[in-house]
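Encoded as C-alpha cells, the structure appears first; notes follow it.
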Amino acid sequence: MLKALFLALVLSQAITAAAEPTQVIIVRHAERALEPKDDPALSAEGMARAELLAEMLKAANVGTIITSHYRRTQETAAPLAKKLGITPTAITIRRGEIPAHINEVVAEVRKASGVVFVVGHSNTVAGIVAALSSSKPIKLCETTFSNMFIATPSTPQLPAVQIKFGKPDEAPAADCQ
C-alpha cells in the first residue's frame, strides 16, 4: 500500500511538472502601420520582422501562442502559428485594465506546457516578463521592436534572458529601452 501511495505521489509530481511551461518567449508586436489609429495592421517592415520571428522560432518547439486581441499582435504571431499549425489564444485588453490583462496572460501561460510564445505591447511586455522571472519591469520605447525575452517559469528567481533580433531599433529615449 505504501509503495502504491509513493508511486501515485511521484506520478502526480511528474504530471504537474510536465504541465507547466518550460520556457516563455515574449516579444512586443512588430512595427505597425500608421493607419487606422485604433487597430493598425503591421507595416511592410513589421511583416518582415514577423516572418523573421517565425524562421527563428520554428524549431523552438513552441506549443502555445498567446496574443492580445489587437491586429498587430495577431499578425506578428501569424507566420509562426501558420508554420506550426497552432491557433493562437487572443486575450482581450480592456481599456484601463493593463494589470488585469497582464495577470490574464500570465495565468494562460501557466496553464500551458512546453514552450510558450507571447506577443504583447510596449505597456504589457515588461509586466509579463516580471511576473515570470526576477527581472525588473522595464519600459519599452514606442520605437522599440527588437527585444526578445526568454523566461523560465520553473526558476522564477532567475532573470529573463534579453536578446535583440532583426533590424536594429531607433536609438531609445533616456527613460526606456
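Following the order of the C-alpha cells, first chain is A, next is B, and so on, with residues numbered from 1 inside each chain and ligands from 1 in the order they appear.
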DSSP on the backbone, strand (DSSP E or B) only: what residues of region 28-154 of chain A does that give? Format it as a ChimeraX atom specification.
/A:28,32,42,62-68,89-91,114-120,147-151
Export of prior selection with N, CA and C atoms as a PDB file, in the first residue's frame:
```pdb
ATOM      1  N   ARG A  28       7.400  42.183 -28.117  1.00  0.00           N
ATOM      2  CA  ARG A  28       6.406  43.200 -28.435  1.00  0.00           C
ATOM      3  C   ARG A  28       6.010  42.972 -29.886  1.00  0.00           C
ATOM      4  N   ARG A  32       4.127  48.672 -36.726  1.00  0.00           N
ATOM      5  CA  ARG A  32       2.746  48.805 -37.185  1.00  0.00           C
ATOM      6  C   ARG A  32       2.629  49.917 -38.218  1.00  0.00           C
ATOM      7  N   LEU A  42       0.216  45.450 -39.363  1.00  0.00           N
ATOM      8  CA  LEU A  42       1.664  45.621 -39.411  1.00  0.00           C
ATOM      9  C   LEU A  42       2.048  46.341 -40.696  1.00  0.00           C
ATOM     10  N   VAL A  62       7.633  25.495 -29.934  1.00  0.00           N
ATOM     11  CA  VAL A  62       6.529  26.285 -29.400  1.00  0.00           C
ATOM     12  C   VAL A  62       5.248  25.473 -29.518  1.00  0.00           C
ATOM     13  N   GLY A  63       4.514  25.380 -28.415  1.00  0.00           N
ATOM     14  CA  GLY A  63       3.265  24.629 -28.417  1.00  0.00           C
ATOM     15  C   GLY A  63       2.049  25.496 -28.160  1.00  0.00           C
ATOM     16  N   THR A  64       2.283  26.703 -27.651  1.00  0.00           N
ATOM     17  CA  THR A  64       1.198  27.624 -27.328  1.00  0.00           C
ATOM     18  C   THR A  64       1.611  29.026 -27.760  1.00  0.00           C
ATOM     19  N   ILE A  65       0.669  29.745 -28.369  1.00  0.00           N
ATOM     20  CA  ILE A  65       0.903  31.133 -28.762  1.00  0.00           C
ATOM     21  C   ILE A  65      -0.204  31.982 -28.158  1.00  0.00           C
ATOM     22  N   ILE A  66       0.199  33.078 -27.486  1.00  0.00           N
ATOM     23  CA  ILE A  66      -0.754  33.982 -26.843  1.00  0.00           C
ATOM     24  C   ILE A  66      -0.527  35.394 -27.374  1.00  0.00           C
ATOM     25  N   THR A  67      -1.619  36.054 -27.765  1.00  0.00           N
ATOM     26  CA  THR A  67      -1.569  37.432 -28.247  1.00  0.00           C
ATOM     27  C   THR A  67      -2.641  38.235 -27.525  1.00  0.00           C
ATOM     28  N   SER A  68      -2.683  39.520 -27.833  1.00  0.00           N
ATOM     29  CA  SER A  68      -3.837  40.317 -27.399  1.00  0.00           C
ATOM     30  C   SER A  68      -4.870  40.238 -28.522  1.00  0.00           C
ATOM     31  N   THR A  89      -4.149  31.939 -28.889  1.00  0.00           N
ATOM     32  CA  THR A  89      -5.156  32.388 -27.934  1.00  0.00           C
ATOM     33  C   THR A  89      -5.039  33.897 -27.834  1.00  0.00           C
ATOM     34  N   ALA A  90      -6.109  34.616 -28.134  1.00  0.00           N
ATOM     35  CA  ALA A  90      -6.122  36.083 -28.044  1.00  0.00           C
ATOM     36  C   ALA A  90      -6.833  36.495 -26.770  1.00  0.00           C
ATOM     37  N   ILE A  91      -6.159  37.296 -25.967  1.00  0.00           N
ATOM     38  CA  ILE A  91      -6.722  37.768 -24.711  1.00  0.00           C
ATOM     39  C   ILE A  91      -7.022  39.261 -24.842  1.00  0.00           C
ATOM     40  N   GLY A 114       5.332  23.074 -22.072  1.00  0.00           N
ATOM     41  CA  GLY A 114       6.322  23.256 -23.125  1.00  0.00           C
ATOM     42  C   GLY A 114       6.690  24.715 -23.317  1.00  0.00           C
ATOM     43  N   VAL A 115       6.991  25.074 -24.555  1.00  0.00           N
ATOM     44  CA  VAL A 115       7.431  26.435 -24.886  1.00  0.00           C
ATOM     45  C   VAL A 115       6.218  27.264 -25.294  1.00  0.00           C
ATOM     46  N   VAL A 116       6.124  28.460 -24.719  1.00  0.00           N
ATOM     47  CA  VAL A 116       5.020  29.376 -24.979  1.00  0.00           C
ATOM     48  C   VAL A 116       5.580  30.640 -25.623  1.00  0.00           C
ATOM     49  N   PHE A 117       4.893  31.125 -26.655  1.00  0.00           N
ATOM     50  CA  PHE A 117       5.270  32.365 -27.337  1.00  0.00           C
ATOM     51  C   PHE A 117       4.188  33.399 -27.051  1.00  0.00           C
ATOM     52  N   VAL A 118       4.584  34.545 -26.497  1.00  0.00           N
ATOM     53  CA  VAL A 118       3.647  35.610 -26.150  1.00  0.00           C
ATOM     54  C   VAL A 118       4.013  36.860 -26.943  1.00  0.00           C
ATOM     55  N   VAL A 119       3.011  37.455 -27.589  1.00  0.00           N
ATOM     56  CA  VAL A 119       3.199  38.724 -28.292  1.00  0.00           C
ATOM     57  C   VAL A 119       2.371  39.768 -27.566  1.00  0.00           C
ATOM     58  N   GLY A 120       3.054  40.777 -27.029  1.00  0.00           N
ATOM     59  CA  GLY A 120       2.384  41.813 -26.260  1.00  0.00           C
ATOM     60  C   GLY A 120       2.606  43.193 -26.838  1.00  0.00           C
ATOM     61  N   ASN A 147      13.352  43.635 -29.122  1.00  0.00           N
ATOM     62  CA  ASN A 147      13.634  42.918 -27.874  1.00  0.00           C
ATOM     63  C   ASN A 147      12.895  41.581 -27.827  1.00  0.00           C
ATOM     64  N   MET A 148      13.606  40.565 -27.404  1.00  0.00           N
ATOM     65  CA  MET A 148      13.008  39.258 -27.144  1.00  0.00           C
ATOM     66  C   MET A 148      13.453  38.853 -25.739  1.00  0.00           C
ATOM     67  N   PHE A 149      12.491  38.426 -24.932  1.00  0.00           N
ATOM     68  CA  PHE A 149      12.772  37.999 -23.567  1.00  0.00           C
ATOM     69  C   PHE A 149      12.427  36.518 -23.466  1.00  0.00           C
ATOM     70  N   ILE A 150      13.290  35.769 -22.780  1.00  0.00           N
ATOM     71  CA  ILE A 150      13.051  34.344 -22.587  1.00  0.00           C
ATOM     72  C   ILE A 150      13.071  34.080 -21.086  1.00  0.00           C
ATOM     73  N   ALA A 151      11.911  33.694 -20.560  1.00  0.00           N
ATOM     74  CA  ALA A 151      11.772  33.414 -19.132  1.00  0.00           C
ATOM     75  C   ALA A 151      11.596  31.921 -18.926  1.00  0.00           C
TER      76      ALA A 151
END
```
_DSSP on the backbone, alpha helix (DSSP H) only: what residues of chain A does that give? Format it as a PyMOL selection string._
chain A and resi 2-18+44-57+71-84+98-111+125-132
Long-range neighbours of His69 (chain A) as a PyMOL selection string, 12 Å cut-off, only C-alpha atoms, 5 positions minimum in chain: chain A and resi 29+39-40+74-77+88-94+101+105+119-121
Same residues, C-alpha atoms, saved as an mmCIF file, in the first residue's frame:
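In the end it all went to result-v9.cif:
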```cif
data_model
loop_
_atom_site.group_PDB
_atom_site.id
_atom_site.type_symbol
_atom_site.label_atom_id
_atom_site.label_comp_id
_atom_site.auth_asym_id
_atom_site.auth_seq_id
_atom_site.Cartn_x
_atom_site.Cartn_y
_atom_site.Cartn_z
ATOM 1 C CA HIS A 29 4.398 43.243 -31.649
ATOM 2 C CA ASP A 39 -6.213 48.911 -34.627
ATOM 3 C CA PRO A 40 -3.464 49.169 -37.254
ATOM 4 C CA GLN A 74 -2.044 38.645 -34.064
ATOM 5 C CA GLU A 75 -0.223 39.496 -37.306
ATOM 6 C CA THR A 76 3.137 39.273 -35.511
ATOM 7 C CA ALA A 77 2.304 35.741 -34.357
ATOM 8 C CA PRO A 88 -3.198 31.451 -31.039
ATOM 9 C CA THR A 89 -5.156 32.388 -27.934
ATOM 10 C CA ALA A 90 -6.122 36.083 -28.044
ATOM 11 C CA ILE A 91 -6.722 37.768 -24.711
ATOM 12 C CA THR A 92 -8.709 40.987 -24.760
ATOM 13 C CA ILE A 93 -7.241 44.135 -23.256
ATOM 14 C CA ARG A 94 -9.985 46.109 -21.567
ATOM 15 C CA HIS A 101 -4.591 41.877 -18.775
ATOM 16 C CA VAL A 105 -1.809 36.443 -19.887
ATOM 17 C CA VAL A 119 3.199 38.724 -28.292
ATOM 18 C CA GLY A 120 2.384 41.813 -26.260
ATOM 19 C CA HIS A 121 2.612 45.582 -26.338
#
```
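Nearest to Asn103 (chain A) of all the residues A:Val129, A:Ile86, A:Ala81, A:Val27 is A:Val129, based on only C-alpha atoms.
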The residue from A:Ala107, A:Asn123, A:Pro79, A:Ala112 with the smallest atom-to-atom distance to Leu52 (chain A), counting only C-alpha atoms, is A:Pro79
